[in-house]
$ cat upload-v7.cif   # mmCIF, C-alpha atoms
data_upload
#
loop_
_atom_site.label_atom_id
_atom_site.label_comp_id
_atom_site.auth_asym_id
_atom_site.auth_seq_id
_atom_site.Cartn_x
_atom_site.Cartn_y
_atom_site.Cartn_z
CA MET S 16 -30.87 -5.51 -7.67
CA ILE S 17 -34.24 -6.77 -6.43
CA VAL S 18 -35.82 -6.09 -9.83
CA THR S 19 -33.00 -8.05 -11.49
CA GLY S 20 -33.64 -10.99 -9.18
CA ILE S 21 -37.37 -10.88 -9.93
CA ARG S 22 -36.77 -10.83 -13.68
CA LEU S 23 -34.35 -13.76 -13.42
CA PHE S 24 -36.92 -15.76 -11.46
CA ASN S 25 -39.64 -14.94 -14.00
CA LYS S 26 -37.29 -15.95 -16.84
CA ASP S 27 -36.66 -19.31 -15.18
CA CYS S 28 -40.40 -19.82 -14.72
CA GLY S 29 -41.10 -18.87 -18.33
CA LYS S 30 -43.28 -15.89 -17.38
CA GLY S 31 -41.03 -13.04 -18.43
CA GLY S 32 -37.41 -11.95 -18.51
CA GLU S 33 -37.30 -11.11 -22.18
CA GLY S 34 -33.98 -9.68 -23.35
CA ILE S 35 -31.90 -11.42 -20.66
CA ASP S 36 -29.12 -13.55 -22.13
CA ASP S 37 -28.37 -16.99 -20.76
CA LEU S 38 -24.96 -16.13 -19.33
CA PRO S 39 -24.15 -19.59 -17.88
CA ALA S 40 -24.75 -21.22 -21.26
CA ILE S 41 -22.66 -18.54 -23.00
CA LEU S 42 -19.80 -19.09 -20.57
CA ASN S 43 -19.96 -22.87 -20.93
CA GLU S 44 -19.48 -22.43 -24.66
CA ALA S 45 -16.94 -19.61 -24.49
CA ILE S 46 -14.54 -21.23 -22.01
CA PRO S 47 -13.68 -24.27 -24.20
CA ALA S 48 -13.47 -21.99 -27.23
CA ALA S 49 -10.98 -19.78 -25.38
CA THR S 50 -8.97 -22.72 -24.03
CA GLN S 51 -8.29 -24.35 -27.40
CA PRO S 52 -6.20 -21.52 -28.96
CA ILE S 53 -4.28 -21.11 -25.70
CA ASP S 54 -3.44 -24.83 -25.67
CA ALA S 55 -2.40 -24.73 -29.32
CA GLU S 56 -0.17 -21.71 -28.82
CA LEU S 57 1.28 -23.24 -25.64
CA ARG S 58 2.19 -26.44 -27.48
CA ALA S 59 3.82 -24.44 -30.28
CA SER S 60 5.80 -22.43 -27.75
CA GLN S 61 6.93 -25.57 -25.93
CA ASP S 62 8.00 -27.21 -29.21
CA LEU S 63 10.18 -24.19 -29.99
CA ALA S 64 11.68 -24.32 -26.51
CA TYR S 65 12.48 -28.03 -26.91
CA ARG S 66 14.21 -27.37 -30.25
CA TYR S 67 16.26 -24.44 -28.95
CA THR S 68 17.28 -26.45 -25.89
CA ALA S 69 18.38 -29.40 -28.03
CA VAL S 70 20.50 -27.19 -30.28
CA LEU S 71 22.15 -25.38 -27.36
CA GLU S 72 22.79 -28.64 -25.52
CA MET S 73 24.42 -30.06 -28.65
CA THR S 74 26.73 -27.04 -28.96
CA ARG S 75 27.84 -27.51 -25.33
CA GLU S 76 28.82 -31.11 -26.00
CA SER S 77 30.28 -30.62 -29.49
CA PRO S 78 30.81 -27.01 -30.66
CA HIS S 79 29.45 -26.36 -34.11
CA ARG S 80 31.23 -23.69 -36.12
CA ASN S 81 28.22 -22.85 -38.25
CA ILE S 82 26.13 -21.64 -35.31
CA GLU S 83 28.77 -19.85 -33.25
CA GLY S 84 27.53 -16.56 -34.65
CA ARG S 85 23.94 -17.39 -33.80
CA LEU S 86 24.62 -18.87 -30.38
CA SER S 87 23.74 -15.71 -28.43
CA MET S 88 20.61 -15.25 -30.55
CA LEU S 89 19.56 -18.84 -29.81
CA LYS S 90 19.97 -18.23 -26.07
CA GLU S 91 17.88 -15.06 -26.21
CA ALA S 92 15.27 -16.90 -28.28
CA LEU S 93 15.16 -19.68 -25.68
CA PHE S 94 14.70 -17.16 -22.86
CA ASN S 95 11.97 -15.40 -24.83
CA VAL S 96 10.05 -18.54 -25.72
CA ARG S 97 10.25 -19.77 -22.11
CA GLN S 98 8.82 -16.44 -20.97
CA HIS S 99 6.08 -16.81 -23.56
CA GLU S 100 5.37 -20.30 -22.23
CA ALA S 101 5.19 -19.02 -18.65
CA PHE S 102 2.74 -16.26 -19.59
CA LEU S 103 0.54 -18.71 -21.48
CA CYS S 104 0.54 -21.06 -18.49
CA ILE S 105 -0.62 -18.19 -16.28
CA ILE S 106 -3.40 -17.31 -18.73
CA LEU S 107 -4.45 -20.95 -19.01
CA SER S 108 -4.52 -21.22 -15.22
CA ASP S 109 -6.76 -18.15 -15.05
CA VAL S 110 -9.12 -19.65 -17.64
CA ILE S 111 -9.31 -22.90 -15.68
CA THR S 112 -10.03 -20.94 -12.51
CA CYS S 113 -12.73 -19.04 -14.40
CA ALA S 114 -14.31 -22.35 -15.48
CA GLN S 115 -14.29 -23.59 -11.89
CA GLU S 116 -15.89 -20.37 -10.67
CA VAL S 117 -18.58 -20.58 -13.34
CA GLU S 118 -19.37 -24.18 -12.41
CA MET S 119 -19.63 -23.30 -8.74
CA MET S 120 -21.82 -20.23 -9.40
CA ASP S 121 -24.05 -22.25 -11.73
CA LYS S 122 -24.76 -24.68 -8.90
CA GLN S 123 -25.42 -21.84 -6.47
CA PHE S 124 -27.75 -20.15 -8.96
CA ALA S 125 -29.75 -23.36 -9.46
CA ALA S 126 -29.95 -23.86 -5.69
CA GLN S 127 -31.22 -20.30 -5.15
CA ILE S 128 -33.85 -20.72 -7.88
CA GLU S 129 -35.04 -24.01 -6.32
CA HIS S 130 -35.15 -22.41 -2.87
CA LEU S 131 -37.17 -19.50 -4.25
CA LYS S 132 -39.64 -21.83 -5.95
CA ASN S 133 -40.17 -23.72 -2.71
CA THR S 134 -40.73 -20.44 -0.89
CA VAL S 135 -43.17 -18.95 -3.38
CA GLN S 136 -44.95 -22.08 -4.65
CA ALA S 137 -48.56 -21.12 -5.56
CA LYS S 138 -48.99 -18.43 -2.92
CA THR S 139 -50.61 -15.17 -3.94
CA ALA S 140 -48.63 -13.15 -1.39
CA VAL S 141 -45.25 -13.87 0.21
CA PRO S 142 -43.55 -11.75 2.90
CA THR S 143 -40.80 -9.59 1.50
CA SER S 144 -38.47 -10.62 4.31
CA GLN S 145 -38.42 -14.13 2.85
CA VAL S 146 -38.04 -13.50 -0.89
CA PHE S 147 -36.07 -10.23 -1.13
CA PRO S 148 -32.81 -11.76 0.22
CA ILE S 149 -33.11 -14.55 -2.38
CA PHE S 150 -33.71 -12.00 -5.15
CA LEU S 151 -30.58 -10.10 -4.04
CA ALA S 152 -28.55 -13.33 -4.04
CA LEU S 153 -29.72 -14.11 -7.59
CA ALA S 154 -28.78 -10.63 -8.78
CA ASN S 155 -25.31 -10.88 -7.19
CA LEU S 156 -24.70 -14.25 -8.84
CA TRP S 157 -25.77 -12.81 -12.20
CA THR S 158 -23.36 -9.91 -11.72
CA SER S 159 -20.61 -12.44 -11.03
CA PHE S 160 -21.45 -14.19 -14.32
CA GLN S 161 -21.03 -10.85 -16.11
CA ASP S 162 -17.65 -10.31 -14.41
CA GLU S 163 -16.47 -13.72 -15.55
CA ILE S 164 -17.46 -12.89 -19.12
CA LEU S 165 -15.38 -9.69 -18.96
CA LEU S 166 -12.43 -11.60 -17.50
CA LEU S 167 -12.63 -14.27 -20.20
CA SER S 168 -12.77 -11.60 -22.91
CA PHE S 169 -9.70 -9.90 -21.45
CA LEU S 170 -7.75 -13.17 -21.31
CA THR S 171 -8.71 -13.97 -24.92
CA ASN S 172 -7.51 -10.55 -26.11
CA LEU S 173 -4.29 -10.95 -24.11
CA THR S 174 -3.65 -14.31 -25.76
CA GLY S 175 -4.16 -12.79 -29.19
CA SER S 176 -1.64 -10.04 -28.42
CA LEU S 177 0.99 -12.66 -27.48
CA GLN S 178 0.75 -14.46 -30.82
CA GLN S 179 3.08 -11.98 -32.48
CA PHE S 180 6.06 -13.33 -30.51
CA LEU S 181 5.86 -16.73 -32.18
CA GLY S 182 5.80 -15.01 -35.56
CA ILE S 183 9.07 -13.25 -34.74
CA HIS S 184 10.69 -16.61 -33.99
CA ALA S 185 9.58 -17.89 -37.39
CA GLN S 186 11.32 -14.91 -39.00
CA LEU S 187 14.55 -15.30 -37.02
CA PHE S 188 14.81 -19.07 -37.44
CA PRO S 189 12.81 -20.34 -40.43
CA ASP S 190 11.98 -24.02 -40.76
CA ASP S 191 14.86 -24.76 -43.16
CA VAL S 192 17.36 -23.14 -40.79
CA MET S 193 16.05 -25.08 -37.81
CA GLU S 194 16.11 -28.35 -39.76
CA SER S 195 19.76 -27.79 -40.65
CA LEU S 196 20.59 -27.03 -37.01
CA LEU S 197 18.66 -30.05 -35.74
CA GLU S 198 20.28 -32.47 -38.16
CA GLY S 199 21.39 -35.48 -36.15
CA VAL S 200 20.00 -34.03 -32.89
CA THR S 201 17.30 -35.70 -30.85
CA VAL S 202 14.70 -33.24 -29.59
CA LYS S 203 13.48 -34.15 -26.12
CA SER S 204 10.54 -32.68 -24.29
CA ASP S 205 10.59 -31.78 -20.61
CA GLU S 206 8.55 -34.86 -19.76
CA GLN S 207 10.98 -37.13 -21.63
CA ARG S 208 13.96 -35.63 -19.82
CA ILE S 209 12.29 -36.21 -16.47
CA LYS S 210 11.39 -39.81 -17.37
CA GLU S 211 15.04 -40.54 -18.24
CA THR S 212 16.10 -39.70 -14.69
CA MET S 213 13.23 -41.42 -12.89
CA GLY S 214 14.43 -43.89 -10.26
CA ILE S 215 17.74 -42.02 -9.76
CA LYS S 216 18.10 -40.38 -6.35
CA VAL S 217 20.74 -38.60 -4.37
CA ASN S 218 22.40 -40.64 -1.63
CA VAL S 219 21.80 -38.63 1.52
CA SER S 220 24.68 -40.34 3.34
CA ASP S 221 27.13 -38.65 0.97
CA PHE S 222 26.26 -35.26 2.45
CA LYS S 223 26.61 -34.30 6.09
CA GLU S 224 25.62 -30.63 6.08
CA GLN S 225 23.06 -30.43 3.26
CA GLU S 226 19.40 -31.34 3.70
CA TRP S 227 17.63 -33.26 0.91
CA LEU S 228 13.88 -33.67 0.46
CA PHE S 229 12.12 -36.55 -1.31
CA PRO S 230 8.46 -37.14 -2.24
CA GLU S 231 8.04 -40.18 0.02
CA THR S 232 9.51 -38.51 3.11
CA THR S 233 8.22 -34.95 2.81
CA ALA S 234 4.68 -33.78 3.46
CA ASN S 235 3.20 -31.35 0.92
CA PHE S 236 6.10 -32.11 -1.43
CA ASP S 237 4.23 -30.75 -4.46
CA GLN S 238 3.62 -27.41 -2.75
CA LEU S 239 7.28 -26.53 -2.19
CA LEU S 240 8.36 -23.26 -3.82
CA ILE S 241 11.15 -24.34 -6.18
CA GLN S 242 13.74 -21.73 -7.12
CA TYR S 243 14.39 -20.69 -10.74
CA ARG S 244 10.89 -21.79 -11.79
CA GLY S 245 11.88 -25.46 -11.53
CA PHE S 246 14.90 -25.31 -13.88
CA CYS S 247 18.17 -27.03 -13.05
CA ALA S 248 20.31 -24.69 -10.95
CA HIS S 249 23.58 -26.34 -11.98
CA ALA S 250 22.83 -26.08 -15.71
CA LEU S 251 21.99 -22.39 -15.36
CA ALA S 252 25.38 -21.67 -13.80
CA GLU S 253 27.69 -24.09 -15.61
CA LYS S 254 26.09 -24.25 -19.07
CA ASP S 255 25.79 -20.50 -19.65
CA GLY S 256 22.09 -20.13 -18.82
CA LEU S 257 20.84 -23.36 -20.41
CA LEU S 258 17.28 -23.96 -19.23
CA LEU S 259 16.94 -27.66 -18.42
CA PRO S 260 13.93 -28.86 -16.42
CA GLY S 261 14.74 -30.16 -12.95
CA ASN S 262 13.46 -33.50 -11.67
CA PRO S 263 12.23 -33.25 -8.06
CA ALA S 264 12.35 -37.06 -7.75
CA ILE S 265 16.17 -36.93 -7.80
CA GLY S 266 16.03 -34.87 -4.63
CA ILE S 267 15.37 -31.28 -3.67
CA LEU S 268 18.24 -29.47 -1.98
CA LYS S 269 17.23 -27.18 0.88
CA HIS S 270 19.78 -24.39 1.26
CA LYS S 271 19.13 -21.30 3.37
CA GLU S 272 15.38 -21.98 3.43
CA LYS S 273 15.26 -22.21 -0.38
CA TYR S 274 14.69 -25.26 -2.55
CA TYR S 275 16.62 -26.27 -5.70
CA THR S 276 16.04 -29.05 -8.27
CA PHE S 277 18.47 -30.61 -10.75
CA SER S 278 18.32 -32.37 -14.10
CA SER S 279 20.71 -35.18 -13.12
CA LYS S 280 22.32 -36.75 -10.10
CA GLU S 281 25.77 -35.50 -11.12
CA SER S 282 24.52 -31.92 -11.32
CA ALA S 283 23.03 -32.22 -7.84
CA TYR S 284 26.33 -33.45 -6.38
CA VAL S 285 28.36 -30.67 -8.00
CA PHE S 286 25.93 -27.95 -6.95
CA ALA S 287 25.73 -29.22 -3.36
CA GLN S 288 29.50 -28.84 -2.89
CA ASN S 289 29.33 -25.04 -3.11
CA PRO S 290 25.76 -23.74 -3.54
CA ASP S 291 26.60 -20.10 -2.80
CA MET S 292 29.10 -19.95 -5.65
CA PHE S 293 26.59 -21.30 -8.17
CA ILE S 294 23.87 -18.96 -6.89
CA GLN S 295 26.23 -16.03 -7.38
CA LEU S 296 27.08 -17.21 -10.91
CA ILE S 297 23.37 -17.34 -11.76
CA GLY S 298 23.01 -13.83 -10.44
CA GLU S 299 25.87 -12.66 -12.64
CA LYS S 300 24.26 -14.32 -15.64
CA ALA S 301 20.96 -12.61 -14.85
CA ARG S 302 22.74 -9.26 -14.73
CA GLU S 303 23.93 -9.86 -18.30
CA CYS S 304 20.48 -11.01 -19.46
CA ALA S 305 17.90 -8.95 -17.59
CA GLU S 306 15.04 -11.07 -18.93
CA LEU S 307 16.16 -13.88 -16.62
CA ILE S 308 15.17 -11.83 -13.58
CA GLN S 309 11.50 -12.15 -14.47
CA LEU S 310 11.79 -15.63 -15.94
CA LEU S 311 13.66 -17.19 -13.01
CA GLU S 312 11.90 -15.03 -10.37
CA LEU S 313 15.11 -13.49 -9.03
CA HIS S 314 13.58 -10.34 -7.57
CA HIS S 315 14.52 -11.21 -4.00
CA GLN S 316 18.14 -11.84 -5.02
CA PHE S 317 18.48 -8.61 -7.00
CA GLU S 318 17.53 -6.44 -4.06
CA SER S 319 21.22 -6.58 -3.09
CA LEU S 320 22.79 -6.55 -6.57
CA ALA S 321 24.01 -3.61 -8.61
CA PRO S 322 23.14 -3.21 -12.29
CA TYR S 323 25.52 -5.03 -14.60
CA SER S 324 26.47 -1.85 -16.45
CA GLN S 325 27.73 -0.25 -13.20
CA VAL S 326 30.04 -3.11 -12.21
CA ARG S 327 33.66 -3.02 -13.38
CA SER S 328 34.97 -5.90 -15.42
CA GLY S 329 37.40 -6.96 -12.68
CA ASP S 330 34.87 -6.81 -9.85
CA LYS S 331 32.05 -9.29 -10.26
CA ARG S 332 30.99 -9.58 -6.68
CA SER S 333 27.65 -8.52 -5.42
CA MET S 334 27.31 -5.25 -3.61
CA LYS S 335 26.16 -5.30 -0.04
CA PRO S 336 22.61 -4.12 0.47
CA ILE S 337 22.20 -0.59 1.66
CA THR S 338 20.63 -0.70 5.08
CA LYS S 339 18.29 2.07 6.07
CA CYS S 340 16.94 3.07 9.45
CA ASP S 341 14.93 5.88 10.94
CA SER S 342 16.81 8.15 13.35
CA SER S 343 15.98 11.33 15.21
CA THR S 344 17.84 13.93 17.32
CA GLN S 345 16.62 16.42 19.86
CA THR S 346 18.22 19.48 21.48
CA ASP S 347 17.13 21.56 24.47
CA THR S 348 15.38 24.76 23.64
CA HIS S 349 17.41 26.92 26.09
CA ILE S 350 20.60 25.31 27.34
CA LEU S 351 21.93 28.50 29.00
CA PRO S 352 19.88 31.01 31.05
CA PRO S 353 18.51 33.83 28.91
CA THR S 354 20.59 37.05 28.74
CA ILE S 355 18.35 39.84 27.57
CA VAL S 356 20.00 43.28 27.31
CA LYS S 357 17.18 45.77 27.73
CA SER S 358 19.34 48.68 26.70
CA TYR S 359 20.04 47.13 23.31
CA GLU S 360 18.94 49.23 20.36
CA TRP S 361 18.87 48.04 16.81
CA ASN S 362 17.75 51.36 15.31
CA GLU S 363 20.71 53.37 14.04
CA TRP S 364 18.89 56.68 14.39
CA GLU S 365 18.02 55.95 18.00
CA LEU S 366 21.67 55.21 18.73
CA ARG S 367 22.64 58.46 17.03
CA ARG S 368 20.11 60.38 19.12
CA LYS S 369 21.54 58.96 22.32
CA ALA S 370 25.08 59.78 21.21
CA ILE S 371 24.13 63.41 20.51
CA LYS S 372 22.42 63.60 23.91
CA LEU S 373 25.53 62.33 25.67
CA ALA S 374 27.70 64.78 23.72
CA ASN S 375 25.47 67.70 24.78
CA LEU S 376 25.53 66.64 28.43
CA ARG S 377 29.30 66.83 28.44
CA ARG S 378 29.10 70.54 27.75
CA LYS S 379 26.43 71.22 30.42
CA LEU S 380 26.96 72.26 34.03
CA THR S 381 24.61 71.76 36.96
CA HIS S 382 24.09 74.83 39.26
CA SER S 383 22.21 75.05 42.55
CA MET S 384 21.24 78.03 44.75
CA GLN S 385 19.23 78.69 47.92
CA THR S 386 17.26 81.73 49.18
CA ASN S 387 15.91 82.69 52.54
CA LEU S 388 12.38 81.78 51.56
CA SER S 389 13.43 78.41 50.33
CA HIS S 390 15.21 77.65 53.61
CA MET S 391 12.97 75.66 55.91
CA ARG S 392 10.11 75.72 53.46
CA ARG S 393 6.59 76.07 54.79
CA ASP S 394 3.33 74.83 53.40
CA GLY S 395 1.14 77.34 51.61
CA SER S 396 -2.61 76.99 51.16
CA THR S 397 -5.27 78.76 49.19
CA GLN S 398 -9.06 78.75 49.40
CA VAL S 399 -11.58 78.87 46.62
CA TYR S 400 -15.37 79.03 46.59
CA LEU S 401 -17.12 75.90 45.56
CA LEU S 402 -19.48 75.97 42.60
CA LYS S 403 -23.20 76.42 43.18
CA ASP S 404 -26.01 74.63 41.40
CA PHE S 405 -28.41 76.76 39.34
CA GLY S 406 -31.42 75.65 37.30
CA THR S 407 -33.15 77.27 34.35
CA GLN S 408 -36.28 76.41 32.43
CA THR S 409 -36.41 76.87 28.71
CA LYS S 410 -39.70 75.20 27.76
CA LEU S 411 -43.24 75.16 29.10
CA ASP S 412 -45.85 72.55 28.17
CA ASN S 413 -49.42 73.98 27.69
CA SER S 414 -52.63 72.90 26.04
CA SER S 415 -56.04 74.37 25.04
CA ASN S 416 -59.47 72.97 24.15
CA VAL S 417 -61.88 74.07 21.47
CA PRO S 418 -65.67 73.54 21.52
CA ARG S 419 -66.94 70.45 19.76
CA PRO S 420 -69.51 71.57 17.17
CA GLN S 421 -72.90 69.80 17.27
CA ILE S 422 -75.58 70.91 14.76
CA PHE S 423 -79.02 69.30 14.41
CA LEU S 424 -80.94 69.53 11.15
CA ALA S 425 -84.70 68.78 11.25
CA GLY S 426 -87.20 68.40 8.42
CA LEU S 427 -84.85 66.81 5.89
CA ARG S 428 -87.23 63.94 5.25
CA GLY S 429 -89.97 66.24 3.98
CA GLY S 430 -93.65 66.35 4.87
CA SER S 431 -97.10 66.63 3.39
CA THR S 432 -96.35 70.04 1.89
CA PRO S 433 -94.70 70.15 -1.52
CA THR S 434 -91.86 72.29 -0.21
CA THR S 435 -89.33 71.04 2.31
CA CYS S 436 -88.96 73.11 5.45
CA MET S 437 -85.62 72.43 7.25
CA VAL S 438 -84.80 73.66 10.74
CA LYS S 439 -81.15 74.07 11.83
CA VAL S 440 -80.46 73.97 15.56
CA ASN S 441 -76.93 74.68 16.93
CA LEU S 442 -76.34 72.43 19.93
CA THR S 443 -72.64 73.33 20.42
CA ARG S 444 -71.75 73.84 24.09
CA ALA S 445 -69.02 75.96 25.49
CA VAL S 446 -65.69 74.46 26.63
CA ASP S 447 -66.15 75.24 30.25
CA GLU S 448 -69.61 73.57 30.25
CA THR S 449 -68.29 70.18 29.13
#

$ encode --input "upload-v7.cif" --output "structure tokens"
Amino acid sequence: MIVTGIRLFNKDCGKGGEGIDDLPAILNEAIPAATQPIDAELRASQDLAYRYTAVLEMTRESPHRNIEGRLSMLKEALFNVRQHEAFLCIILSDVITCAQEVEMMDKQFAAQIEHLKNTVQAKTAVPTSQVFPIFLALANLWTSFQDEILLLSFLTNLTGSLQQFLGIHAQLFPDDVMESLLEGVTVKSDEQRIKETMGIKVNVSDFKEQEWLFPETTANFDQLLIQYRGFCAHALAEKDGLLLPGNPAIGILKHKEKYYTFSSKESAYVFAQNPDMFIQLIGEKARECAELIQLLELHHQFESLAPYSQVRSGDKRSMKPITKCDSSTQTDTHILPPTIVKSYEWNEWELRRKAIKLANLRRKLTHSMQTNLSHMRRDGSTQVYLLKDFGTQTKLDNSSNVPRPQIFLAGLRGGSTPTTCMVKVNLTRAVDET
């Protein structure tokens, strides 16, 4: 990490760092390039959703015989394209967050480089305690740049894998088919629908038990968690799952700590009369179309619902949630005092041996007799001689010395005569003389 920080500093100073890519510049170019196809695909998905919504809304007002057979397919296509739109919005939000992170890290990286330059300046030697932490910070920021590049690549690949869903819609409903269905129908976007109901609000005095929230009277109004991903709750229940965008400016109904929006004032009034019934109807609709559970974020509601296939046609009510609790029981080890039968035998052969013994004793008789010597018995005593200690010797240690021989030889060195004359003298002494 320290070496990476040093190389980055040298690269910025123009004294080294060859082979290191300029990751901030790459990210600044890659983020707009990744955002453009996501925006284009999001607009295409929204256009499809607006068309499907217009056709389905038209069939609710005036049934069209030519599309009765395709009505269920249009609903499923609307659910699918809305899911596709939601996924693209999540990806686009992640890309925007990535761009914000890159901008923040770019500023931090420039600040660390400037701080390092001020610390080093033209000094020949700088204490490691001053520069090493800055080098580590530079390396960590560079690692974060690399992570952002990987995240952006993953989001781009994910967007490419979602493009096939729009192609399926083009196969199911070609342009000529959609033009025939949209003949005489005005296609409205979500923004246009909201603008049509701007300035219309619910009269709070008409409701005594319900609580309504408005932008001008509620703090953090934009941060409220709207149910059903912001779609009109009344349209979902009454119009067979039609996804119409809700307008929070009309008024947000707070019911059991949850918030609901509506597409019109009339829908808000009808829903507020019996919210629990409409919520249950939406749950029943989601049980028929399981894709609505993810789209409308109904996971909390389906914790207490049974699968649609397991519910009988006559019983459409929700099942009560199965409550679970931890319980434990304890019993005494020995309630009664122990009764141990010591004469108990489990071995069959031992029992048989005892039975034979008892059978033999039944045929035995006990006799007793007494003699004169046994009458008034007296003590008898005997005397023995105690053992005596004896000792024997089986080994005797002895030693002997031998004379140490000492012999002296004289004349071995030679003399003036040509022949050597050697004299041998025995100097060995007797043992007793030493």

$ residues_around --input "upload-v7.cif" --residues "S:Ala59" --least-positions-apart "4" --cutoff "12 Å" --atoms "all atoms listed in the file" --output "PyMOL selection string"
chain S and resi 52-55+63-66+96-97+99-100+103+178+180-182+184-185

$ residues_near_point --input "upload-v7.cif" --point "(28.1, -16.6, -11.6)" --cutoff "10 Å" --atoms "all atoms listed in the file" --output "list in words"
Leu251, Ala252, Glu253, Asp255, Asp291, Met292, Phe293, Ile294, Gln295, Leu296, Ile297, Gly298, Glu299, Lys300, Ala301, Arg302, Lys331 and Arg332 of chain S

$ closest_residue --input "upload-v7.cif" --among "S:Ile183, S:Val141, S:Ile265, S:Pro39" --to "S:Asp162" --atoms "all atoms listed in the file"
S:Pro39

$ residues_around --input "upload-v7.cif" --residues "S:Ile422" --least-positions-apart "6" --cutoff "10 Å" --atoms "only C-alpha atoms" --output "CSV table (one decimal) with C-alpha atoms, in the coordinates of the input"
chain,number,residue,atom,x,y,z
S,439,LYS,CA,-81.2,74.1,11.8
S,440,VAL,CA,-80.5,74.0,15.6
S,441,ASN,CA,-76.9,74.7,16.9
S,442,LEU,CA,-76.3,72.4,19.9
S,443,THR,CA,-72.6,73.3,20.4

$ atom_distance --input "upload-v7.cif" --atom1 "atom CA of S:Ala92" --atom2 "atom CA of S:Arg208"
20.6 Å

$ closest_residue --input "upload-v7.cif" --among "S:Pro142, S:Gly34, S:Pro47, S:Gly256" --to "S:Lys90" --atoms "only C-alpha atoms"
S:Gly256

$ atom_distance --input "upload-v7.cif" --atom1 "atom CA of S:Lys280" --atom2 "atom CA of S:Ala264"
10.2 Å

$ closest_residue --input "upload-v7.cif" --among "S:Thr143, S:Gln179, S:Thr381, S:Gln225" --to "S:Ala287" --atoms "all atoms listed in the file"
S:Gln225

$ atom_distance --input "upload-v7.cif" --atom1 "atom CA of S:Glu163" --atom2 "atom CA of S:Ile35"
16.4 Å

$ resolve_selection --input "upload-v7.cif" --expression "the PyMOL selection byres ((chain S and resi 28) around 12)" --output "JSON, numbers by chain"
{"S": [21, 22, 23, 24, 25, 26, 27, 29, 30, 31, 32, 33, 128, 129, 131, 132, 135, 136]}

$ residues_around --input "upload-v7.cif" --residues "S:Leu166" --least-positions-apart "3" --cutoff "12 Å" --atoms "all atoms listed in the file" --output "MDAnalysis selection string"
chainID S and resid 42 45:46 49 106 109:114 116:117 159:163 169:173

$ write_last_selection --input "upload-v7.cif" --atoms "C-alpha atoms" --output "PDB file, keeping the file's coordinate frame"
ATOM      1  CA  LEU S  42     -19.800 -19.090 -20.570  1.00  0.00           C
ATOM      2  CA  ALA S  45     -16.940 -19.610 -24.490  1.00  0.00           C
ATOM      3  CA  ILE S  46     -14.540 -21.230 -22.010  1.00  0.00           C
ATOM      4  CA  ALA S  49     -10.980 -19.780 -25.380  1.00  0.00           C
ATOM      5  CA  ILE S 106      -3.400 -17.310 -18.730  1.00  0.00           C
ATOM      6  CA  ASP S 109      -6.760 -18.150 -15.050  1.00  0.00           C
ATOM      7  CA  VAL S 110      -9.120 -19.650 -17.640  1.00  0.00           C
ATOM      8  CA  ILE S 111      -9.310 -22.900 -15.680  1.00  0.00           C
ATOM      9  CA  THR S 112     -10.030 -20.940 -12.510  1.00  0.00           C
ATOM     10  CA  CYS S 113     -12.730 -19.040 -14.400  1.00  0.00           C
ATOM     11  CA  ALA S 114     -14.310 -22.350 -15.480  1.00  0.00           C
ATOM     12  CA  GLU S 116     -15.890 -20.370 -10.670  1.00  0.00           C
ATOM     13  CA  VAL S 117     -18.580 -20.580 -13.340  1.00  0.00           C
ATOM     14  CA  SER S 159     -20.610 -12.440 -11.030  1.00  0.00           C
ATOM     15  CA  PHE S 160     -21.450 -14.190 -14.320  1.00  0.00           C
ATOM     16  CA  GLN S 161     -21.030 -10.850 -16.110  1.00  0.00           C
ATOM     17  CA  ASP S 162     -17.650 -10.310 -14.410  1.00  0.00           C
ATOM     18  CA  GLU S 163     -16.470 -13.720 -15.550  1.00  0.00           C
ATOM     19  CA  PHE S 169      -9.700  -9.900 -21.450  1.00  0.00           C
ATOM     20  CA  LEU S 170      -7.750 -13.170 -21.310  1.00  0.00           C
ATOM     21  CA  THR S 171      -8.710 -13.970 -24.920  1.00  0.00           C
ATOM     22  CA  ASN S 172      -7.510 -10.550 -26.110  1.00  0.00           C
ATOM     23  CA  LEU S 173      -4.290 -10.950 -24.110  1.00  0.00           C
TER      24      LEU S 173
END

$ residues_near_point --input "upload-v7.cif" --point "(14.3, -32.8, -21.9)" --cutoff "9 Å" --atoms "all atoms listed in the file" --output "list in words"
Tyr65, Thr68, Ala69, Val202, Lys203, Ser204, Asp205, Glu206, Gln207, Arg208, Ile209, Lys210, Glu211, Leu259, Pro260 and Ser278 of chain S

$ resolve_selection --input "upload-v7.cif" --expression "the PyMOL selection byres ((chain S and resi 16) around 6)" --output "PyMOL selection string"
chain S and resi 17-19+151+154

$ resolve_selection --input "upload-v7.cif" --expression "the PyMOL selection byres ((chain S and resi 417) around 10)" --output "PDB file with C-alpha atoms, in the frame of the given file"
ATOM      1  CA  SER S 415     -56.040  74.370  25.040  1.00  0.00           C
ATOM      2  CA  ASN S 416     -59.470  72.970  24.150  1.00  0.00           C
ATOM      3  CA  PRO S 418     -65.670  73.540  21.520  1.00  0.00           C
ATOM      4  CA  ARG S 419     -66.940  70.450  19.760  1.00  0.00           C
ATOM      5  CA  PRO S 420     -69.510  71.570  17.170  1.00  0.00           C
ATOM      6  CA  ALA S 445     -69.020  75.960  25.490  1.00  0.00           C
ATOM      7  CA  VAL S 446     -65.690  74.460  26.630  1.00  0.00           C
ATOM      8  CA  ASP S 447     -66.150  75.240  30.250  1.00  0.00           C
TER       9      ASP S 447
END

$ closest_residue --input "upload-v7.cif" --among "S:Tyr359, S:Asn262, S:Leu239, S:Val438" --to "S:Lys216" --atoms "all atoms listed in the file"
S:Asn262
